[in-house]
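*Asks:* Below is a structure I'd like to ask you about.
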Amino acid sequence: MIPIVIFLVALLLVTLGVAAYATYAERKVAAFMQDRIGPDRAGPFGLLQPIADGVKMIMKEDFMPASANRWLFFLGPAIAMTTALLTGVVIPWGGTLDLGGTAFKLQVADPDIGILYVFAMVSIGVYGIMLGGWASNNKYALYGAIRAASQMVSYELTMGMSIVALVILTGSLSLNDIVEQQRAGLWNIVYQPLGFLLFVICAFAECNRAPFDLPECETELVGGYHTEYSSMKLGFYLFAEYVNMFISSAVISTLFFGGYDVPFLDGLGLPQNVTVILGTVALFLKITFFIFLFMWVRWTLPRFRYDQLMDLGWKSLIPLAILNVLLTGVGYYLKNGI
Amino acid sequence: MLTLFYLFAAISVLSALVVVAARSPVNSVIALIVCFLSIAGHYILLNAQFLAVVHIIVYTGAIMVLFLFVIMLLNLNKATEPQKSLATRVAAVVTGGLVLLTLLAAVRHGISVEPANGFDIGTGLVRSVGRSLFNEFLLPFEVSSVLFLSAMVGAVMLGRREKNPQAA
């Protein structure tokens, strides 16, 4: 009981820490892409910048529009942040540690339906944006909220379909089983290159990241759904985006890149705990790469137009996802029979 | 476990009451979402993880989003509902009272409901749900998917622009 509580708290702190430094990384990556220096005032290399930003957010005046719906205005950022943080509990962060005789798995919960739990949290997360945008009683915020909702509902379909193809191969919805199968064989990216591509595109859309950041498109909608938000409520919305990015990267690494698996590491004969810790380090390296990919794309591609976004989702991605399910099914049948 | 059951039961009943009683449609929808989430909690207490999660994804995550969407677009946040006439109110009270009377009469002698099959802890897991869907209930399952497809085609047909507006 006590180790799991410590692990939960550690997971929470690591998630928040990674998300905080992802904001710093975003600014540094943007600066690098645009041939600038980026934040360098707070601490060495600007490393204390996230703390300065956090303090700034908390100290700012918390303003609520007079015509806003009080309760829902509070509820919006709270839902966004809570659902973002809840997803991490089903992800296997590492193998089984040996704590002086008792085995301890680096995963809070391993339900049979792990991957569906992630989907459930993502689908509840939409409410954070929808309610917040509507409660602001501002037309730009409402437009942002409606865009967010329709975009997320549309791209959830493709995301689900790409997972269906993956589940045909693994035969299990448990994230731990999916990782263990990849440890025994090849990583899923080998079998599911198209599924991986579709999943990553949808993950970008679900996180409202560029080129799919139309809900907060500042050229058309001022600030989108968070136009009326200020202080730490705004901070929660912005921060939830980075937490989502971290969790999405963890899910992508787990589903398609072997999770905490490092090829040939088990054969080296290292002590069990060292192997497990190296595996966790490897998982975080994979996650870091995908967070970088999120930023790389953001500072490379321009934003879609709204009709292009819907066309891409419904007319290109969904047919491709169905094709992928079909091909996977046929391939599975030819190899294994029914 | 029993405490959790009472907690979820209380939330379900209260939020269901709010759905009916709330003046603003948005509050109704939010109460309905809370109600669905607490029902998902009941599923989890019965170890039906798959049902719980699918319930959240489909009802809470998709259908209620569309409800909220429509209400927001129509901007129904003010209680625009017209006042009911006296006759309607009297009729509603009488009907509701009669239903209550019937229900009370039915449970007065303390009917005991015995489950046809004993509780099996594995029923709601994805493995057993999948087995029964694809063995026992394969035909109804596939037929209902065709039903959904036809509903979708119908919706697309209705939403399509007329080719020749004059003819319509």
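We name chains A, B, ... following the order of the structure tokens; residues begin at 1 in each chain, and ligands are numbered from 1 as shown.
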Write out as a ChimeraX atom specification the residues lying within 9 Å of A:Phe246, counting only C-alpha atoms and excluding same-chain residues fewer than 4 positions away.
*Replies:* /A:15,18-19,22,241-242,250-251,287-288,290-291
*Asks:* Those residues you just picked out, can you put them in a file as a compact mmCIF listing (two decimals), in the first residue's frame with C-alpha atoms?
*Replies:*
# COMPACT_ATOMS: atom_id res chain seq x y z
CA THR A 15 4.29 14.52 -14.78
CA VAL A 18 8.11 17.17 -17.26
CA ALA A 19 5.20 19.37 -18.35
CA ALA A 22 8.27 21.05 -21.74
CA GLU A 241 -1.88 20.97 -22.96
CA TYR A 242 1.70 20.14 -21.98
CA ALA A 250 4.13 8.09 -23.35
CA VAL A 251 1.16 6.32 -24.96
CA ILE A 287 8.97 10.24 -24.62
CA THR A 288 11.41 13.15 -24.91
CA PHE A 290 8.08 12.50 -29.18
CA ILE A 291 7.65 15.71 -27.19
*Asks:* What are the residues of chain A lining chain B at 6 Å or less? Count only C-alpha atoms, and put the answer as a PyMOL selection string.
*Replies:* chain A and resi 120+123-124
*Asks:* Please save all heavy atoms of the selected residues as a PDB file, in the first residue's frame.
*Replies:*
ATOM      1  N   ALA A 120     -11.191   6.990 -22.664  1.00  0.00           N
ATOM      2  CA  ALA A 120     -12.270   7.554 -21.855  1.00  0.00           C
ATOM      3  C   ALA A 120     -11.837   8.899 -21.273  1.00  0.00           C
ATOM      4  O   ALA A 120     -12.594   9.867 -21.300  1.00  0.00           O
ATOM      5  CB  ALA A 120     -12.640   6.576 -20.740  1.00  0.00           C
ATOM      6  N   SER A 123     -11.845  11.531 -23.866  1.00  0.00           N
ATOM      7  CA  SER A 123     -13.169  11.993 -24.288  1.00  0.00           C
ATOM      8  C   SER A 123     -13.822  12.839 -23.204  1.00  0.00           C
ATOM      9  O   SER A 123     -14.626  13.709 -23.505  1.00  0.00           O
ATOM     10  CB  SER A 123     -14.051  10.815 -24.698  1.00  0.00           C
ATOM     11  OG  SER A 123     -14.223   9.946 -23.627  1.00  0.00           O
ATOM     12  N   ILE A 124     -13.477  12.614 -21.933  1.00  0.00           N
ATOM     13  CA  ILE A 124     -14.016  13.507 -20.893  1.00  0.00           C
ATOM     14  C   ILE A 124     -13.300  14.856 -20.944  1.00  0.00           C
ATOM     15  O   ILE A 124     -13.886  15.897 -20.658  1.00  0.00           O
ATOM     16  CB  ILE A 124     -13.886  12.870 -19.499  1.00  0.00           C
ATOM     17  CG1 ILE A 124     -14.700  11.596 -19.439  1.00  0.00           C
ATOM     18  CG2 ILE A 124     -14.396  13.812 -18.428  1.00  0.00           C
ATOM     19  CD1 ILE A 124     -14.613  10.903 -18.124  1.00  0.00           C
TER      20      ILE A 124
END
*Asks:* Please identify all polymer residues within 10 Å of A:Asp40, counting only C-alpha atoms, omitting same-chain residues fewer than 6 positions from it, and present them as a short mmCIF file (atom, residue, chain, number, x, y, z; two decimals) with C-alpha atoms, in the first residue's frame.
*Replies:*
data_model
loop_
_atom_site.label_atom_id
_atom_site.label_comp_id
_atom_site.auth_asym_id
_atom_site.auth_seq_id
_atom_site.Cartn_x
_atom_site.Cartn_y
_atom_site.Cartn_z
CA LYS A 28 14.06 26.88 -26.62
CA GLY A 46 17.19 30.20 -18.42
CA LEU A 47 16.56 26.91 -16.60
CA LEU A 48 14.48 28.58 -13.88
CA GLN A 49 12.11 30.08 -16.47
#
*Asks:* What's around stretch 113-117 of chain A at 6 Å? Count only C-alpha atoms, leave out sequence neighbours fewer than 3 positions away in its own chain, and write the answer as a PyMOL selection string.
*Replies:* chain A and resi 90+120+173-175
*Asks:* With only C-alpha atoms as the counted atoms, please give the residues lying no more than 8 Å from A:Phe7, apart from itself and same-chain residues fewer than 3 positions off, as a VMD selection string.
*Replies:* chain A and resid 3 to 4 10 to 11 106 108
*Asks:* Limited to all heavy atoms, could you put the picked residues into a file as an mmCIF file, in the first residue's frame?
*Replies:*
data_model
loop_
_atom_site.group_PDB
_atom_site.id
_atom_site.type_symbol
_atom_site.label_atom_id
_atom_site.label_comp_id
_atom_site.auth_asym_id
_atom_site.auth_seq_id
_atom_site.Cartn_x
_atom_site.Cartn_y
_atom_site.Cartn_z
ATOM 1 N N PRO A 3 4.170 1.685 -0.812
ATOM 2 C CA PRO A 3 4.944 1.950 -2.034
ATOM 3 C C PRO A 3 4.083 2.526 -3.155
ATOM 4 O O PRO A 3 4.516 3.413 -3.887
ATOM 5 C CB PRO A 3 5.502 0.573 -2.414
ATOM 6 C CG PRO A 3 5.462 -0.231 -1.187
ATOM 7 C CD PRO A 3 4.349 0.288 -0.351
ATOM 8 N N ILE A 4 2.816 2.048 -3.268
ATOM 9 C CA ILE A 4 1.988 2.509 -4.388
ATOM 10 C C ILE A 4 1.620 3.979 -4.196
ATOM 11 O O ILE A 4 1.557 4.742 -5.166
ATOM 12 C CB ILE A 4 0.743 1.603 -4.564
ATOM 13 C CG1 ILE A 4 0.163 1.722 -5.983
ATOM 14 C CG2 ILE A 4 -0.355 1.945 -3.602
ATOM 15 C CD1 ILE A 4 0.633 0.679 -6.876
ATOM 16 N N ALA A 10 5.011 10.327 -6.744
ATOM 17 C CA ALA A 10 6.165 10.534 -7.609
ATOM 18 C C ALA A 10 5.713 10.737 -9.046
ATOM 19 O O ALA A 10 6.208 11.621 -9.762
ATOM 20 C CB ALA A 10 7.110 9.338 -7.516
ATOM 21 N N LEU A 11 4.718 9.925 -9.463
ATOM 22 C CA LEU A 11 4.219 10.033 -10.841
ATOM 23 C C LEU A 11 3.632 11.416 -11.082
ATOM 24 O O LEU A 11 3.896 12.054 -12.110
ATOM 25 C CB LEU A 11 3.163 8.947 -11.069
ATOM 26 C CG LEU A 11 2.513 8.916 -12.446
ATOM 27 C CD1 LEU A 11 3.568 8.660 -13.494
ATOM 28 C CD2 LEU A 11 1.443 7.851 -12.501
ATOM 29 N N LEU A 106 6.208 -1.062 -11.784
ATOM 30 C CA LEU A 106 6.164 0.397 -11.965
ATOM 31 C C LEU A 106 4.958 0.802 -12.818
ATOM 32 O O LEU A 106 5.096 1.348 -13.894
ATOM 33 C CB LEU A 106 7.455 0.890 -12.620
ATOM 34 C CG LEU A 106 8.686 0.882 -11.722
ATOM 35 C CD1 LEU A 106 9.892 1.352 -12.481
ATOM 36 C CD2 LEU A 106 8.460 1.741 -10.506
ATOM 37 N N VAL A 108 0.691 1.970 -11.858
ATOM 38 C CA VAL A 108 -0.247 2.114 -10.744
ATOM 39 C C VAL A 108 -1.358 1.076 -10.852
ATOM 40 O O VAL A 108 -1.693 0.398 -9.899
ATOM 41 C CB VAL A 108 -0.840 3.535 -10.711
ATOM 42 C CG1 VAL A 108 -1.806 3.671 -9.559
ATOM 43 C CG2 VAL A 108 0.269 4.553 -10.595
#
*Asks:* So which residues touch A:Asp98 within 10 Å, counting only C-alpha atoms, skipping near sequence neighbours fewer than 5 positions away, as a ChimeraX atom specification?
*Replies:* /A:103-105,271-273,276
*Asks:* List as a PyMOL selection string the protein and nucleic acid residues near B:Ile39, meaning an atom at most 12 Å away when only C-alpha atoms are counted, but skip any in the same chain fewer than 4 places from it.
*Replies:* chain B and resi 4-13+15-16+32-35+43-46+48-49+51-56+59-60
*Asks:* Pick out each residue of stretch 107-266 of chain A that DSSP on the backbone tags as alpha helix (DSSP H); I need them as a PyMOL selection string.
*Replies:* chain A and resi 114-135+139-170+175-184+188-191+193-206+218-221+231-256
*Asks:* Would you put the residues from that selection into a file with C-alpha atoms, as a compact mmCIF listing (two decimals), in the first residue's frame?
*Replies:*
# COMPACT_ATOMS: atom_id res chain seq x y z
CA GLY A 114 -5.99 -0.03 -20.20
CA ILE A 115 -5.99 1.56 -23.64
CA LEU A 116 -9.75 2.18 -23.52
CA TYR A 117 -9.30 3.94 -20.19
CA VAL A 118 -6.94 6.37 -21.93
CA PHE A 119 -9.66 7.01 -24.53
CA ALA A 120 -12.27 7.55 -21.85
CA MET A 121 -10.14 10.20 -20.18
CA VAL A 122 -9.46 11.92 -23.51
CA SER A 123 -13.17 11.99 -24.29
CA ILE A 124 -14.02 13.51 -20.89
CA GLY A 125 -11.24 16.06 -21.40
CA VAL A 126 -13.29 17.67 -24.19
CA TYR A 127 -15.66 19.01 -21.54
CA GLY A 128 -12.94 21.09 -19.99
CA ILE A 129 -12.61 23.10 -23.19
CA MET A 130 -16.30 23.07 -24.12
CA LEU A 131 -17.61 24.17 -20.73
CA GLY A 132 -14.90 26.77 -20.24
CA GLY A 133 -15.46 28.24 -23.70
CA TRP A 134 -19.22 28.35 -23.31
CA ALA A 135 -19.19 29.68 -19.73
CA LYS A 139 -18.41 34.57 -29.05
CA TYR A 140 -14.74 33.90 -29.76
CA ALA A 141 -14.54 31.56 -26.79
CA LEU A 142 -17.71 29.80 -27.96
CA TYR A 143 -16.29 29.37 -31.46
CA GLY A 144 -13.13 27.94 -29.96
CA ALA A 145 -15.11 25.54 -27.80
CA ILE A 146 -17.24 24.35 -30.71
CA ARG A 147 -14.20 23.87 -32.90
CA ALA A 148 -12.45 21.94 -30.14
CA ALA A 149 -15.41 19.66 -29.60
CA SER A 150 -16.02 18.85 -33.25
CA GLN A 151 -12.32 18.39 -33.93
CA MET A 152 -11.83 16.03 -31.01
CA VAL A 153 -14.93 13.98 -31.76
CA SER A 154 -13.86 13.65 -35.42
CA TYR A 155 -10.29 12.63 -34.72
CA GLU A 156 -11.24 10.25 -31.90
CA LEU A 157 -12.79 8.03 -34.58
CA THR A 158 -9.56 7.62 -36.51
CA MET A 159 -7.63 7.20 -33.29
CA GLY A 160 -9.94 4.41 -32.21
CA MET A 161 -9.66 2.70 -35.60
CA SER A 162 -5.86 2.78 -35.52
CA ILE A 163 -6.02 1.13 -32.10
CA VAL A 164 -8.43 -1.53 -33.42
CA ALA A 165 -5.78 -2.63 -35.92
CA LEU A 166 -3.17 -2.75 -33.17
CA VAL A 167 -5.45 -4.76 -30.89
CA ILE A 168 -6.05 -7.33 -33.66
CA LEU A 169 -2.32 -8.05 -33.45
CA THR A 170 -1.86 -7.97 -29.70
CA LEU A 175 -1.03 -1.75 -21.91
CA ASN A 176 1.24 -4.01 -19.88
CA ASP A 177 0.49 -7.00 -22.13
CA ILE A 178 1.14 -4.86 -25.19
CA VAL A 179 4.59 -3.89 -23.88
CA GLU A 180 5.46 -7.43 -22.80
CA GLN A 181 4.57 -8.74 -26.28
CA GLN A 182 6.87 -6.17 -27.86
CA ARG A 183 9.63 -7.21 -25.48
CA ALA A 184 9.23 -10.80 -26.64
CA ASN A 188 4.64 -2.73 -33.10
CA ILE A 189 5.88 0.04 -35.39
CA VAL A 190 7.23 -2.75 -37.65
CA TYR A 191 3.75 -4.25 -38.08
CA PRO A 193 3.54 1.78 -39.70
CA LEU A 194 0.29 3.24 -41.09
CA GLY A 195 -1.47 2.82 -37.77
CA PHE A 196 1.36 4.65 -36.05
CA LEU A 197 1.16 7.56 -38.49
CA LEU A 198 -2.61 7.85 -38.04
CA PHE A 199 -2.30 7.63 -34.28
CA VAL A 200 0.33 10.38 -34.14
CA ILE A 201 -1.72 12.70 -36.35
CA CYS A 202 -4.75 12.15 -34.14
CA ALA A 203 -2.70 12.65 -31.00
CA PHE A 204 -1.69 16.07 -32.35
CA ALA A 205 -5.32 16.90 -33.00
CA GLU A 206 -6.48 15.65 -29.59
CA GLU A 218 -5.15 33.59 -32.40
CA THR A 219 -5.35 34.99 -35.92
CA GLU A 220 -9.10 34.38 -36.07
CA LEU A 221 -10.37 33.88 -32.54
CA SER A 231 -4.15 34.07 -13.97
CA MET A 232 -3.82 30.43 -12.88
CA LYS A 233 -7.04 29.36 -14.60
CA LEU A 234 -5.39 30.23 -17.89
CA GLY A 235 -2.26 28.58 -16.51
CA PHE A 236 -4.19 25.35 -15.97
CA TYR A 237 -5.44 25.32 -19.56
CA LEU A 238 -1.99 25.96 -20.99
CA PHE A 239 -0.39 23.53 -18.60
CA ALA A 240 -2.96 20.80 -19.31
CA GLU A 241 -1.88 20.97 -22.96
CA TYR A 242 1.70 20.14 -21.98
CA VAL A 243 0.60 17.38 -19.62
CA ASN A 244 -1.47 15.93 -22.48
CA MET A 245 1.54 16.13 -24.74
CA PHE A 246 3.65 14.23 -22.23
CA ILE A 247 0.99 11.55 -21.74
CA SER A 248 0.38 11.22 -25.51
CA SER A 249 4.10 10.76 -26.06
CA ALA A 250 4.13 8.09 -23.35
CA VAL A 251 1.16 6.32 -24.96
CA ILE A 252 2.77 6.46 -28.42
CA SER A 253 6.03 5.05 -27.05
CA THR A 254 4.15 2.33 -25.18
CA LEU A 255 1.94 1.26 -28.05
CA PHE A 256 4.35 1.42 -30.96
*Asks:* When DSSP works through the backbone of this structure, what residues of stretch 29-255 of chain A end up as strand (DSSP E or B), shown as a ChimeraX atom specification?
*Replies:* /A:96-99,102-105
*Asks:* Please dump the current selection as a compact mmCIF listing (two decimals), in the first residue's frame; keep N, CA, C and O atoms.
*Replies:*
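Ended up saving to result06.txt:
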# COMPACT_ATOMS: atom_id res chain seq x y z
N THR A 96 9.35 -4.76 -13.34
CA THR A 96 9.06 -5.06 -11.95
C THR A 96 10.32 -4.90 -11.11
O THR A 96 11.30 -5.62 -11.31
N LEU A 97 10.29 -3.96 -10.18
CA LEU A 97 11.43 -3.75 -9.28
C LEU A 97 11.40 -4.80 -8.19
O LEU A 97 10.35 -5.32 -7.83
N ASP A 98 12.59 -5.11 -7.63
CA ASP A 98 12.68 -6.04 -6.51
C ASP A 98 13.05 -5.24 -5.27
O ASP A 98 14.21 -4.89 -5.08
N LEU A 99 12.04 -4.90 -4.44
CA LEU A 99 12.30 -4.08 -3.26
C LEU A 99 12.52 -4.98 -2.06
O LEU A 99 11.62 -5.25 -1.28
N THR A 102 10.08 -8.00 -2.04
CA THR A 102 8.74 -7.82 -2.58
C THR A 102 8.85 -7.24 -3.98
O THR A 102 9.61 -6.30 -4.22
N ALA A 103 8.07 -7.82 -4.90
CA ALA A 103 8.09 -7.34 -6.27
C ALA A 103 7.24 -6.07 -6.36
O ALA A 103 6.18 -6.00 -5.74
N PHE A 104 7.71 -5.07 -7.09
CA PHE A 104 6.92 -3.85 -7.26
C PHE A 104 6.92 -3.45 -8.72
O PHE A 104 7.95 -3.13 -9.30
N LYS A 105 5.72 -3.48 -9.31
CA LYS A 105 5.58 -3.15 -10.73
C LYS A 105 5.44 -1.64 -10.86
O LYS A 105 4.64 -1.01 -10.16
